[in-house]
$ cat entry_10.cif   # mmCIF, C-alpha atoms
data_data
#
loop_
_atom_site.label_atom_id
_atom_site.label_comp_id
_atom_site.auth_asym_id
_atom_site.auth_seq_id
_atom_site.Cartn_x
_atom_site.Cartn_y
_atom_site.Cartn_z
CA MET A 1214 -95.07 -0.35 133.08
CA GLU A 1215 -93.08 2.68 132.00
CA MET A 1216 -90.10 0.49 130.96
CA ARG A 1217 -92.42 -1.77 128.95
CA GLY A 1218 -93.87 1.24 127.19
CA LEU A 1219 -90.38 2.58 126.51
CA ARG A 1220 -89.30 -0.78 125.01
CA ILE A 1221 -92.35 -0.83 122.72
CA CYS A 1222 -91.64 2.72 121.67
CA LEU A 1223 -87.99 1.89 120.90
CA LEU A 1224 -89.06 -1.22 118.98
CA ASN A 1225 -91.43 0.90 116.89
CA VAL A 1226 -88.71 3.45 116.18
CA GLY A 1227 -86.29 0.66 115.22
CA PHE A 1228 -88.89 -0.92 112.94
CA LEU A 1229 -89.55 2.39 111.20
CA PHE A 1230 -85.80 2.98 110.73
CA VAL A 1231 -85.23 -0.49 109.19
CA PHE A 1232 -88.38 -0.21 107.09
CA SER A 1233 -87.28 3.17 105.72
CA ILE A 1234 -83.92 1.71 104.68
CA PHE A 1235 -85.39 -1.21 102.75
CA CYS A 1236 -88.47 0.57 101.46
CA GLY A 1237 -86.54 3.04 99.27
CA ASP A 1238 -88.52 4.65 96.45
CA LEU A 1239 -91.59 2.53 97.19
CA CYS A 1240 -92.24 4.59 100.32
CA GLU A 1241 -92.41 7.93 98.53
CA ALA A 1242 -95.66 9.76 99.13
CA GLU A 1243 -98.11 9.73 96.26
CA VAL A 1244 -98.50 12.91 94.28
CA ASP A 1245 -101.10 15.36 95.56
CA ILE A 1246 -103.63 15.21 92.71
CA LYS A 1247 -105.46 18.35 93.84
CA GLN A 1248 -102.44 20.57 93.21
CA TYR A 1249 -102.56 19.67 89.51
CA ASP A 1250 -106.26 20.41 89.05
CA PHE A 1251 -105.60 23.89 87.68
CA SER A 1252 -107.62 27.01 87.14
CA PRO A 1253 -106.97 29.06 83.97
CA ALA A 1254 -104.74 31.47 85.91
CA THR A 1255 -102.61 28.81 87.62
CA LEU A 1256 -102.32 26.79 84.40
CA SER A 1257 -101.12 29.82 82.40
CA ALA A 1258 -98.52 30.62 85.05
CA SER A 1259 -97.30 27.05 85.28
CA ILE A 1260 -96.98 26.56 81.50
CA LYS A 1261 -94.50 29.45 81.36
CA LYS A 1262 -92.08 27.35 83.43
CA SER A 1263 -92.40 23.86 81.91
CA ALA A 1264 -94.20 21.69 79.36
CA HIS A 1265 -97.65 20.41 80.36
CA PHE A 1266 -99.97 17.68 79.11
CA VAL A 1267 -103.45 18.74 80.16
CA LEU A 1268 -106.81 17.00 80.35
CA MET A 1269 -109.72 19.33 79.64
CA TYR A 1270 -112.80 17.78 81.21
CA GLY A 1271 -116.41 18.55 82.03
CA THR A 1272 -119.01 17.45 84.55
CA PRO A 1273 -120.62 13.97 84.46
CA GLU A 1274 -123.73 15.61 83.02
CA THR A 1275 -121.80 16.82 79.97
CA CYS A 1276 -119.11 14.11 79.69
CA GLN A 1277 -119.63 10.39 80.23
CA ASP A 1278 -116.00 9.52 79.42
CA CYS A 1279 -114.37 12.14 81.65
CA GLU A 1280 -114.22 10.01 84.82
CA ALA A 1281 -112.22 7.27 83.06
CA ALA A 1282 -109.95 9.90 81.49
CA ARG A 1283 -109.31 11.50 84.88
CA ASN A 1284 -108.44 8.15 86.44
CA LEU A 1285 -105.90 7.60 83.66
CA PHE A 1286 -104.45 11.08 84.18
CA HIS A 1287 -104.09 10.46 87.90
CA GLU A 1288 -102.09 7.35 87.02
CA LEU A 1289 -99.93 9.39 84.62
CA MET A 1290 -99.35 11.98 87.37
CA GLN A 1291 -97.73 9.30 89.51
CA ILE A 1292 -95.36 8.49 86.62
CA TYR A 1293 -94.42 11.96 85.36
CA ASN A 1294 -95.01 14.45 88.16
CA THR A 1295 -92.97 12.50 90.74
CA ALA A 1296 -89.98 11.95 88.45
CA GLU A 1297 -86.61 13.21 89.70
CA GLN A 1298 -86.28 15.43 86.60
CA PRO A 1299 -89.82 15.82 85.19
CA THR A 1300 -89.96 16.30 81.40
CA VAL A 1301 -93.64 17.22 81.48
CA THR A 1302 -96.30 17.96 84.08
CA ILE A 1303 -99.59 16.07 83.88
CA ALA A 1304 -102.47 18.35 84.80
CA GLU A 1305 -106.21 18.81 84.42
CA LEU A 1306 -108.68 21.65 84.14
CA ASP A 1307 -112.43 21.60 84.77
CA CYS A 1308 -113.89 23.48 81.82
CA SER A 1309 -117.31 23.64 83.47
CA GLN A 1310 -115.75 26.12 85.93
CA ASP A 1311 -114.44 28.42 83.20
CA ILE A 1312 -116.32 27.93 79.94
CA GLU A 1313 -114.91 31.07 78.30
CA PHE A 1314 -111.27 30.00 78.81
CA CYS A 1315 -111.88 26.57 77.25
CA THR A 1316 -113.92 28.07 74.42
CA ASN A 1317 -110.99 30.33 73.57
CA LEU A 1318 -108.83 27.19 73.33
CA ASP A 1319 -111.31 25.82 70.74
CA ILE A 1320 -112.45 23.06 73.09
CA ASN A 1321 -116.05 22.14 72.35
CA SER A 1322 -116.26 18.52 73.49
CA PHE A 1323 -114.94 16.54 76.44
CA PRO A 1324 -112.59 15.03 77.29
CA GLU A 1325 -109.82 16.70 75.25
CA PHE A 1326 -106.06 16.37 75.73
CA HIS A 1327 -103.54 19.10 74.88
CA PHE A 1328 -99.78 19.34 75.05
CA PHE A 1329 -98.52 22.84 75.96
CA PRO A 1330 -94.80 23.47 75.32
CA ALA A 1331 -92.95 25.46 77.95
CA GLY A 1332 -93.40 29.21 77.56
CA GLU A 1333 -96.97 29.01 76.23
CA GLY A 1334 -95.95 28.03 72.72
CA LYS A 1335 -98.40 26.60 70.20
CA LYS A 1336 -100.43 23.84 71.85
CA VAL A 1337 -100.76 20.43 70.19
CA LYS A 1338 -104.00 18.48 70.49
CA TYR A 1339 -103.75 14.74 71.21
CA ILE A 1340 -105.77 12.88 68.58
CA GLY A 1341 -106.74 9.41 69.72
CA ASP A 1342 -108.42 7.48 72.49
CA ALA A 1343 -107.55 7.60 76.19
CA ILE A 1344 -105.12 4.67 76.04
CA LYS A 1345 -102.09 4.86 78.33
CA ASP A 1346 -99.45 3.53 75.90
CA ASP A 1347 -100.64 5.82 73.09
CA ILE A 1348 -100.56 8.87 75.35
CA VAL A 1349 -97.09 8.03 76.68
CA GLN A 1350 -95.83 7.75 73.11
CA PHE A 1351 -97.46 11.07 72.20
CA ILE A 1352 -95.83 12.83 75.17
CA THR A 1353 -92.45 11.37 74.21
CA GLU A 1354 -92.85 12.55 70.61
CA GLN A 1355 -93.79 16.06 71.72
CA ASN A 1356 -90.90 16.27 74.15
CA ASN A 1357 -88.49 15.09 71.45
CA ALA A 1358 -89.86 17.59 68.96
CA GLY A 1359 -88.31 20.38 71.00
CA GLU A 1360 -88.20 23.84 69.52
CA ALA A 1361 -89.51 24.58 66.07
CA VAL A 1362 -87.15 23.91 63.17
CA ILE A 1363 -85.78 27.22 61.89
CA GLY A 1364 -84.84 27.51 58.24
CA LYS A 1365 -81.89 29.45 56.89
CA ASP A 1366 -82.56 31.04 53.49
CA GLY A 1367 -85.42 28.58 53.01
CA LEU A 1368 -83.37 25.45 53.84
CA TYR A 1369 -84.24 23.32 56.88
CA GLU A 1370 -81.88 20.90 58.65
CA LEU A 1371 -83.90 18.00 60.10
CA THR A 1372 -82.97 15.49 62.80
CA LYS A 1373 -84.42 12.21 64.06
CA ASP A 1374 -86.30 14.19 66.72
CA THR A 1375 -87.79 16.83 64.41
CA PHE A 1376 -88.29 14.91 61.16
CA LYS A 1377 -91.79 13.46 61.56
CA SER A 1378 -93.38 16.41 63.33
CA PHE A 1379 -91.92 18.82 60.74
CA ILE A 1380 -93.18 16.93 57.66
CA ALA A 1381 -96.57 16.03 59.17
CA GLU A 1382 -98.27 18.78 57.17
CA GLY A 1383 -97.63 20.32 53.77
CA ASN A 1384 -95.21 19.45 50.96
CA HIS A 1385 -91.52 18.68 51.50
CA PHE A 1386 -88.59 17.93 49.18
CA ILE A 1387 -85.80 16.35 51.23
CA LYS A 1388 -82.16 15.55 50.52
CA PHE A 1389 -80.74 12.58 52.46
CA TYR A 1390 -76.97 12.93 52.40
CA ALA A 1391 -73.61 12.09 53.99
CA PRO A 1392 -71.01 14.83 54.61
CA TRP A 1393 -68.20 12.72 53.09
CA CYS A 1394 -70.13 11.99 49.86
CA GLY A 1395 -68.64 13.66 46.77
CA HIS A 1396 -71.94 13.79 44.87
CA CYS A 1397 -73.58 15.36 47.93
CA LYS A 1398 -70.92 18.09 48.10
CA LYS A 1399 -71.43 18.79 44.39
CA LEU A 1400 -75.22 19.07 44.83
CA ALA A 1401 -75.03 21.25 47.99
CA PRO A 1402 -74.85 24.71 46.35
CA THR A 1403 -77.65 23.79 43.92
CA TRP A 1404 -79.79 22.56 46.84
CA ASP A 1405 -79.19 25.85 48.65
CA GLU A 1406 -80.29 27.77 45.55
CA LEU A 1407 -83.38 25.58 45.20
CA ALA A 1408 -84.36 26.40 48.80
CA LYS A 1409 -83.95 30.14 48.20
CA ASP A 1410 -85.86 30.11 44.92
CA THR A 1411 -88.85 28.10 46.21
CA GLN A 1412 -89.51 30.00 49.46
CA SER A 1413 -92.67 31.46 47.96
CA GLU A 1414 -93.88 28.04 46.75
CA ASP A 1415 -96.13 25.66 48.68
CA VAL A 1416 -93.17 23.44 49.65
CA LYS A 1417 -90.27 23.29 52.10
CA ILE A 1418 -86.76 22.22 51.08
CA SER A 1419 -84.84 20.25 53.73
CA LYS A 1420 -81.89 17.96 54.29
CA VAL A 1421 -81.00 15.11 56.65
CA ASP A 1422 -77.45 14.05 57.57
CA CYS A 1423 -77.67 10.25 57.45
CA THR A 1424 -74.42 9.78 59.37
CA ALA A 1425 -75.95 11.57 62.36
CA HIS A 1426 -79.56 10.37 61.99
CA GLN A 1427 -79.34 6.84 60.66
CA GLU A 1428 -82.77 5.85 62.05
CA VAL A 1429 -84.59 8.27 59.74
CA CYS A 1430 -82.65 7.29 56.64
CA LYS A 1431 -83.07 3.58 57.34
CA GLU A 1432 -86.83 3.95 57.84
CA TYR A 1433 -87.20 5.50 54.37
CA GLY A 1434 -84.95 3.02 52.60
CA VAL A 1435 -82.04 5.35 51.86
CA ARG A 1436 -79.25 3.18 50.42
CA GLY A 1437 -77.15 5.75 48.55
CA TYR A 1438 -76.23 9.43 48.72
CA PRO A 1439 -77.69 11.81 47.91
CA THR A 1440 -81.23 10.41 47.87
CA LEU A 1441 -83.98 12.93 47.10
CA LYS A 1442 -87.55 12.27 48.19
CA PHE A 1443 -90.80 14.25 48.01
CA PHE A 1444 -93.22 14.03 50.96
CA GLY A 1445 -96.81 15.20 51.36
CA SER A 1446 -98.71 15.36 54.68
CA GLY A 1447 -96.19 13.08 56.41
CA GLU A 1448 -96.16 10.41 53.69
CA GLU A 1449 -93.47 9.66 51.11
CA VAL A 1450 -94.90 10.49 47.68
CA THR A 1451 -92.04 9.68 45.32
CA SER A 1452 -88.27 9.56 44.89
CA TYR A 1453 -86.54 11.90 42.46
CA SER A 1454 -84.17 10.32 39.94
CA GLY A 1455 -83.86 13.03 37.27
CA ALA A 1456 -81.16 15.55 36.47
CA ARG A 1457 -79.68 17.49 39.37
CA SER A 1458 -79.60 20.88 37.72
CA LEU A 1459 -81.44 23.76 39.39
CA ASP A 1460 -83.97 24.05 36.55
CA ALA A 1461 -84.74 20.33 36.58
CA LEU A 1462 -85.25 20.29 40.35
CA LYS A 1463 -87.48 23.38 40.26
CA THR A 1464 -89.60 21.86 37.50
CA PHE A 1465 -90.01 18.65 39.49
CA VAL A 1466 -91.07 20.54 42.63
CA LYS A 1467 -93.65 22.62 40.75
CA GLU A 1468 -95.13 19.52 39.09
CA GLU A 1469 -95.44 17.61 42.38
CA VAL A 1470 -97.00 20.56 44.21
CA ALA A 1471 -99.44 21.07 41.32
CA LYS A 1472 -100.45 17.40 41.43
CA ARG A 1473 -101.17 17.53 45.16
CA ASN A 1474 -103.08 20.80 44.95
CA ALA A 1475 -105.20 19.71 42.00
CA PRO A 1476 -108.68 18.30 42.78
CA ALA A 1477 -108.89 14.55 42.28
CA ALA A 1478 -110.23 13.65 38.86
CA GLU A 1479 -113.47 11.68 38.92
CA GLU A 1480 -112.21 9.03 36.53
CA GLU A 1481 -109.37 8.24 38.93
CA GLU A 1482 -111.76 7.28 41.72
CA PRO A 1483 -111.74 3.50 42.20
CA VAL A 1484 -115.04 1.83 41.38
CA GLU A 1485 -114.71 -1.27 43.53
CA GLU A 1486 -112.04 -0.56 46.14
CA GLU A 1487 -113.43 -3.27 48.42
CA ALA A 1488 -112.18 -5.93 46.04
CA LYS A 1489 -108.57 -5.13 47.04
CA GLY A 1490 -109.06 -6.50 50.54
CA PRO A 1491 -111.60 -7.33 53.26
CA VAL A 1492 -111.93 -3.67 54.31
CA ARG A 1493 -114.23 -1.66 52.07
CA GLU A 1494 -113.07 1.79 50.97
CA LEU A 1495 -115.85 4.36 51.23
CA THR A 1496 -116.04 7.79 49.59
CA ASP A 1497 -118.32 10.82 49.68
CA LYS A 1498 -120.24 9.25 46.79
CA ASN A 1499 -120.87 5.70 48.02
CA PHE A 1500 -120.95 6.26 51.80
CA ALA A 1501 -124.72 6.66 52.23
CA GLU A 1502 -125.50 3.70 49.97
CA VAL A 1503 -123.15 1.29 51.78
CA THR A 1504 -124.08 2.32 55.34
CA ASN A 1505 -127.82 2.44 54.62
CA SER A 1506 -128.47 -1.20 55.58
CA GLY A 1507 -126.95 -3.66 58.02
CA HIS A 1508 -124.06 -2.94 60.36
CA THR A 1509 -121.14 -0.92 59.00
CA PHE A 1510 -118.16 -0.34 61.28
CA VAL A 1511 -116.26 2.61 59.81
CA LYS A 1512 -112.74 3.87 60.46
CA PHE A 1513 -112.28 7.54 59.55
CA TYR A 1514 -108.55 8.10 59.08
CA ALA A 1515 -105.75 10.14 57.51
CA PRO A 1516 -102.82 8.44 55.72
CA TRP A 1517 -100.24 10.49 57.68
CA CYS A 1518 -101.70 9.64 61.11
CA GLY A 1519 -99.43 7.40 63.21
CA HIS A 1520 -102.29 5.95 65.28
CA CYS A 1521 -104.12 5.10 62.04
CA LYS A 1522 -101.09 3.25 60.68
CA ARG A 1523 -100.84 1.17 63.85
CA LEU A 1524 -104.54 0.30 63.68
CA ALA A 1525 -104.51 -0.59 59.94
CA PRO A 1526 -103.38 -4.27 60.19
CA THR A 1527 -105.80 -4.93 63.08
CA TRP A 1528 -108.63 -3.36 61.06
CA GLU A 1529 -107.85 -5.76 58.18
CA GLU A 1530 -107.81 -8.69 60.63
CA LEU A 1531 -111.16 -7.58 62.03
CA ALA A 1532 -112.67 -7.51 58.54
CA SER A 1533 -111.39 -11.03 57.81
CA SER A 1534 -112.54 -12.41 61.15
CA VAL A 1535 -116.15 -11.19 60.73
CA SER A 1536 -116.46 -11.90 57.00
CA ASP A 1537 -118.91 -14.75 57.74
CA MET A 1538 -121.22 -12.50 59.79
CA GLU A 1539 -124.22 -11.62 57.67
CA GLY A 1540 -124.97 -7.94 57.20
CA VAL A 1541 -121.63 -6.73 58.62
CA THR A 1542 -119.22 -4.49 56.70
CA ILE A 1543 -115.87 -3.25 57.95
CA ALA A 1544 -115.01 -0.04 56.13
CA LYS A 1545 -112.69 2.95 56.09
CA VAL A 1546 -112.83 6.55 54.86
CA ASP A 1547 -109.75 8.59 53.95
CA CYS A 1548 -110.65 12.02 55.34
CA THR A 1549 -107.94 13.78 53.32
CA LEU A 1550 -109.83 12.78 50.15
CA ASN A 1551 -113.41 12.71 51.43
CA LYS A 1552 -113.69 15.79 53.62
CA GLU A 1553 -117.43 16.26 53.17
CA ILE A 1554 -118.56 12.97 54.73
CA CYS A 1555 -115.99 13.28 57.53
CA SER A 1556 -117.24 16.77 58.33
CA GLU A 1557 -120.86 15.61 58.30
CA ASN A 1558 -120.02 12.96 60.89
CA GLY A 1559 -118.15 15.36 63.17
CA VAL A 1560 -114.75 13.74 62.70
CA ARG A 1561 -112.18 15.95 64.44
CA GLY A 1562 -109.41 13.43 65.15
CA TYR A 1563 -107.90 10.30 63.67
CA PRO A 1564 -108.72 7.51 63.77
CA THR A 1565 -112.39 7.95 64.65
CA LEU A 1566 -114.49 4.77 64.75
CA PHE A 1567 -118.28 4.76 64.31
CA LEU A 1568 -120.77 1.92 63.91
CA PHE A 1569 -123.67 2.62 61.54
CA LYS A 1570 -126.89 0.59 61.87
CA ASP A 1571 -129.22 0.84 58.89
CA GLY A 1572 -127.88 4.32 58.09
CA LYS A 1573 -128.00 5.61 61.66
CA ARG A 1574 -124.74 6.49 63.40
CA GLU A 1575 -124.21 5.04 66.87
CA GLU A 1576 -121.98 6.47 69.61
CA LYS A 1577 -118.28 6.88 68.90
CA TYR A 1578 -116.25 3.76 69.72
CA SER A 1579 -113.60 4.65 72.31
CA LYS A 1580 -112.51 1.34 73.83
CA GLY A 1581 -109.44 -0.81 73.13
CA ARG A 1582 -108.10 -1.05 69.59
CA ASP A 1583 -106.93 -4.64 69.81
CA LEU A 1584 -108.72 -7.28 67.71
CA GLU A 1585 -110.44 -8.90 70.68
CA SER A 1586 -111.94 -5.61 71.93
CA LEU A 1587 -113.16 -4.56 68.48
CA LYS A 1588 -114.74 -7.94 67.76
CA SER A 1589 -116.31 -8.08 71.23
CA TYR A 1590 -117.88 -4.66 70.62
CA LEU A 1591 -119.45 -5.83 67.35
CA THR A 1592 -120.77 -9.02 68.94
CA GLY A 1593 -122.24 -6.99 71.78
CA GLN A 1594 -124.10 -4.76 69.32
CA PHE A 1595 -125.72 -7.80 67.73
CA LYS A 1596 -126.84 -9.09 71.12
CA LYS A 1597 -128.39 -5.67 71.88
CA ASP A 1598 -130.36 -5.79 68.64
CA GLU A 1599 -131.69 -9.25 69.45
CA LEU A 1600 -133.13 -8.15 72.81
#
$ encode --input "entry_10.cif" --output "structure tokens"
Amino acid sequence: MEMRGLRICLLNVGFLFVFSIFCGDLCEAEVDIKQYDFSPATLSASIKKSAHFVLMYGTPETCQDCEAARNLFHELMQIYNTAEQPTVTIAELDCSQDIEFCTNLDINSFPEFHFFPAGEGKKVKYIGDAIKDDIVQFITEQNNAGEAVIGKDGLYELTKDTFKSFIAEGNHFIKFYAPWCGHCKKLAPTWDELAKDTQSEDVKISKVDCTAHQEVCKEYGVRGYPTLKFFGSGEEVTSYSGARSLDALKTFVKEEVAKRNAPAAEEEEPVEEEAKGPVRELTDKNFAEVTNSGHTFVKFYAPWCGHCKRLAPTWEELASSVSDMEGVTIAKVDCTLNKEICSENGVRGYPTLFLFKDGKREEKYSKGRDLESLKSYLTGQFKKDEL
């Protein structure tokens, strides 16, 4: 009996040894989720050591979407927190346990997602829905952004990693160049002077080496050097093709900044924007009239928002696919031009999707952004109304 027991024991040991050899990474223990459910004190201490992407959540009584968000974050913990060389720590904090701490972070709704750079730098709020692929892309972008771009005498050197985050806000005049280009070398001292002379203006002067950062130059259609482009709020506004003297460049910059700072003239507002495509363009002036009757599914967006750009073609498809549904309008509102109506509807991130029924706003749409999910949501609303 003892020998039989010994043989069974040896067999079990042998099985465990063989299993451990072939199991490899699959046998690694799952991350302990509880250790990443931080308090304000432990979060502050941990952020000093490494970058963190944090879910700020509340109780079920105050947040219906928090459970789904936490499940997603627990999935992300398995991906990021168990990595051999973690680039970011996925964590969560229950704001119902420390209301004052979350209030100081300007968190007034749940769930919210924030990226904290290592060393307690300026946090970046994630704007979008709790969709895994979108969040992974956001984390990658924030990790690539690295340290803030530091200008020298008003001139900023941008890279493929810093370009988009740097130009996301404000006005930017950018020189795309190649170090071997003769015209670029000739322009260089003038460009340096332009940067110095416009430091007090509402614009930043930058440059991008296209031999080192081809992806950026290709994306913006740079085919010759130097190419000079003006950007506003992350979007290309215009290319410069005038004289390259300091006075001419300064005049151009002042004119472009003045244009962007000037209030939009009423006569420039389109009268029938909806005629340009299946999606109707709403403004502060026609919003109430259009949403007053029927079903109006509205996308509140900003032109510089990456998530908005990805949703745009699907939103057009949605409008085309429901064009035969009576009393249904698919619409959009540019919040950079129509701040009043966006503020009235509590829009704090882009894109924000709301369905309006006979002038009354329904709950915020926060499901999938693919065509099938959006259309299914609309169909479901009609079935509700019929009951």
$ residues_around --input "entry_10.cif" --residues "A:Asp1346" --least-positions-apart "5" --cutoff "12 Å" --atoms "all atoms listed in the file" --output "compact mmCIF listing (two decimals) with C-alpha atoms, in the frame of the given file"
# COMPACT_ATOMS: atom_id res chain seq x y z
CA LEU A 1285 -105.90 7.60 83.66
CA LEU A 1289 -99.93 9.39 84.62
CA GLY A 1341 -106.74 9.41 69.72
CA PHE A 1351 -97.46 11.07 72.20
CA ILE A 1352 -95.83 12.83 75.17
CA THR A 1353 -92.45 11.37 74.21
CA HIS A 1520 -102.29 5.95 65.28
CA GLY A 1581 -109.44 -0.81 73.13
CA ARG A 1582 -108.10 -1.05 69.59
$ residues_near_point --input "entry_10.cif" --point "(-96.3, 22.0, 77.1)" --cutoff "10 Å" --atoms "only C-alpha atoms" --output "list in words"
Ser1259, Ile1260, Lys1261, Lys1262, Ser1263, Ala1264, His1265, Phe1266, Val1267, Thr1300, Val1301, Thr1302, Ile1303, His1327, Phe1328, Phe1329, Pro1330, Ala1331, Gly1332, Glu1333, Gly1334, Lys1335, Lys1336, Val1337, Ile1352, Gln1355 and Asn1356 of chain A
$ atom_distance --input "entry_10.cif" --atom1 "atom CA of A:Cys1555" --atom2 "atom CA of A:Ala1515"
10.7 Å
$ residues_around --input "entry_10.cif" --residues "A:Ser1533" --least-positions-apart "5" --cutoff "9 Å" --atoms "all atoms listed in the file" --output "MDAnalysis selection string"
chainID A and resid 1490:1492 1528 1543
$ residues_around --input "entry_10.cif" --residues "stretch 1242-1258 of chain A" --least-positions-apart "4" --cutoff "9 Å" --atoms "all atoms listed in the file" --output "MDAnalysis selection string"
chainID A and resid 1262 1265 1287 1290:1291 1294:1295 1302:1308 1310:1311 1314:1315 1333
$ resolve_selection --input "entry_10.cif" --expression "the PyMOL selection byres ((chain A and resi 1411) around 12)" --output "NGL selection string"
:A and (1366-1368 or 1384-1386 or 1404-1410 or 1412-1419 or 1459-1460 or 1462-1467 or 1470)
$ atom_distance --input "entry_10.cif" --atom1 "atom CA of A:Ile1380" --atom2 "atom CA of A:Asn1551"
21.6 Å
$ atom_distance --input "entry_10.cif" --atom1 "atom CA of A:Tyr1563" --atom2 "atom CA of A:Asp1342"
9.3 Å
$ resolve_selection --input "entry_10.cif" --expression "the PyMOL selection byres ((chain A and resi 1317-1326) around 8)" --output "PyMOL selection string"
chain A and resi 1266-1271+1275-1276+1278-1279+1282+1313-1316+1327-1328+1338-1340
$ residues_around --input "entry_10.cif" --residues "A:Ser1534" --least-positions-apart "3" --cutoff "10 Å" --atoms "all atoms listed in the file" --output "PDB file with C-alpha atoms, in the frame of the given file"
ATOM      1  CA  PRO A1491    -111.600  -7.330  53.260  1.00  0.00           C
ATOM      2  CA  TRP A1528    -108.630  -3.360  61.060  1.00  0.00           C
ATOM      3  CA  GLU A1529    -107.850  -5.760  58.180  1.00  0.00           C
ATOM      4  CA  GLU A1530    -107.810  -8.690  60.630  1.00  0.00           C
ATOM      5  CA  LEU A1531    -111.160  -7.580  62.030  1.00  0.00           C
ATOM      6  CA  ASP A1537    -118.910 -14.750  57.740  1.00  0.00           C
ATOM      7  CA  MET A1538    -121.220 -12.500  59.790  1.00  0.00           C
ATOM      8  CA  LEU A1584    -108.720  -7.280  67.710  1.00  0.00           C
ATOM      9  CA  LYS A1588    -114.740  -7.940  67.760  1.00  0.00           C
TER      10      LYS A1588
END
$ residues_near_point --input "entry_10.cif" --point "(-111.4, 11.4, 55.8)" --cutoff "10 Å" --atoms "only C-alpha atoms" --output "tab-separated table (two decimals) with C-alpha atoms, in the coordinates of the input"
chain	number	residue	atom	x	y	z
A	1495	LEU	CA	-115.85	4.36	51.23
A	1496	THR	CA	-116.04	7.79	49.59
A	1497	ASP	CA	-118.32	10.82	49.68
A	1512	LYS	CA	-112.74	3.87	60.46
A	1513	PHE	CA	-112.28	7.54	59.55
A	1514	TYR	CA	-108.55	8.10	59.08
A	1515	ALA	CA	-105.75	10.14	57.51
A	1516	PRO	CA	-102.82	8.44	55.72
A	1545	LYS	CA	-112.69	2.95	56.09
A	1546	VAL	CA	-112.83	6.55	54.86
A	1547	ASP	CA	-109.75	8.59	53.95
A	1548	CYS	CA	-110.65	12.02	55.34
A	1549	THR	CA	-107.94	13.78	53.32
A	1550	LEU	CA	-109.83	12.78	50.15
A	1551	ASN	CA	-113.41	12.71	51.43
A	1552	LYS	CA	-113.69	15.79	53.62
A	1553	GLU	CA	-117.43	16.26	53.17
A	1554	ILE	CA	-118.56	12.97	54.73
A	1555	CYS	CA	-115.99	13.28	57.53
A	1556	SER	CA	-117.24	16.77	58.33
A	1560	VAL	CA	-114.75	13.74	62.70
A	1561	ARG	CA	-112.18	15.95	64.44
A	1562	GLY	CA	-109.41	13.43	65.15
A	1563	TYR	CA	-107.90	10.30	63.67
A	1564	PRO	CA	-108.72	7.51	63.77
A	1565	THR	CA	-112.39	7.95	64.65
$ residues_around --input "entry_10.cif" --residues "A:Ala1501" --least-positions-apart "6" --cutoff "12 Å" --atoms "all atoms listed in the file" --output "mmCIF file with C-alpha atoms, in the coordinates of the input"
data_model
loop_
_atom_site.group_PDB
_atom_site.id
_atom_site.type_symbol
_atom_site.label_atom_id
_atom_site.label_comp_id
_atom_site.auth_asym_id
_atom_site.auth_seq_id
_atom_site.Cartn_x
_atom_site.Cartn_y
_atom_site.Cartn_z
ATOM 1 C CA LEU A 1495 -115.850 4.360 51.230
ATOM 2 C CA THR A 1509 -121.140 -0.920 59.000
ATOM 3 C CA ILE A 1554 -118.560 12.970 54.730
ATOM 4 C CA GLU A 1557 -120.860 15.610 58.300
ATOM 5 C CA ASN A 1558 -120.020 12.960 60.890
ATOM 6 C CA PHE A 1569 -123.670 2.620 61.540
ATOM 7 C CA LYS A 1570 -126.890 0.590 61.870
ATOM 8 C CA ASP A 1571 -129.220 0.840 58.890
ATOM 9 C CA GLY A 1572 -127.880 4.320 58.090
ATOM 10 C CA LYS A 1573 -128.000 5.610 61.660
ATOM 11 C CA ARG A 1574 -124.740 6.490 63.400
#
$ resolve_selection --input "entry_10.cif" --expression "the PyMOL selection byres ((chain A and resi 1576-1579) around 6)" --output "VMD selection string"
chain A and resid 1342 1566 to 1567 1575 1580
$ closest_residue --input "entry_10.cif" --among "A:Lys1431, A:Arg1457, A:Lys1345, A:Lys1442" --to "A:Cys1397" --atoms "only C-alpha atoms"
A:Arg1457
$ closest_residue --input "entry_10.cif" --among "A:Pro1402, A:Gly1455, A:Gly1447, A:Gly1559" --to "A:Cys1518" --atoms "only C-alpha atoms"
A:Gly1447
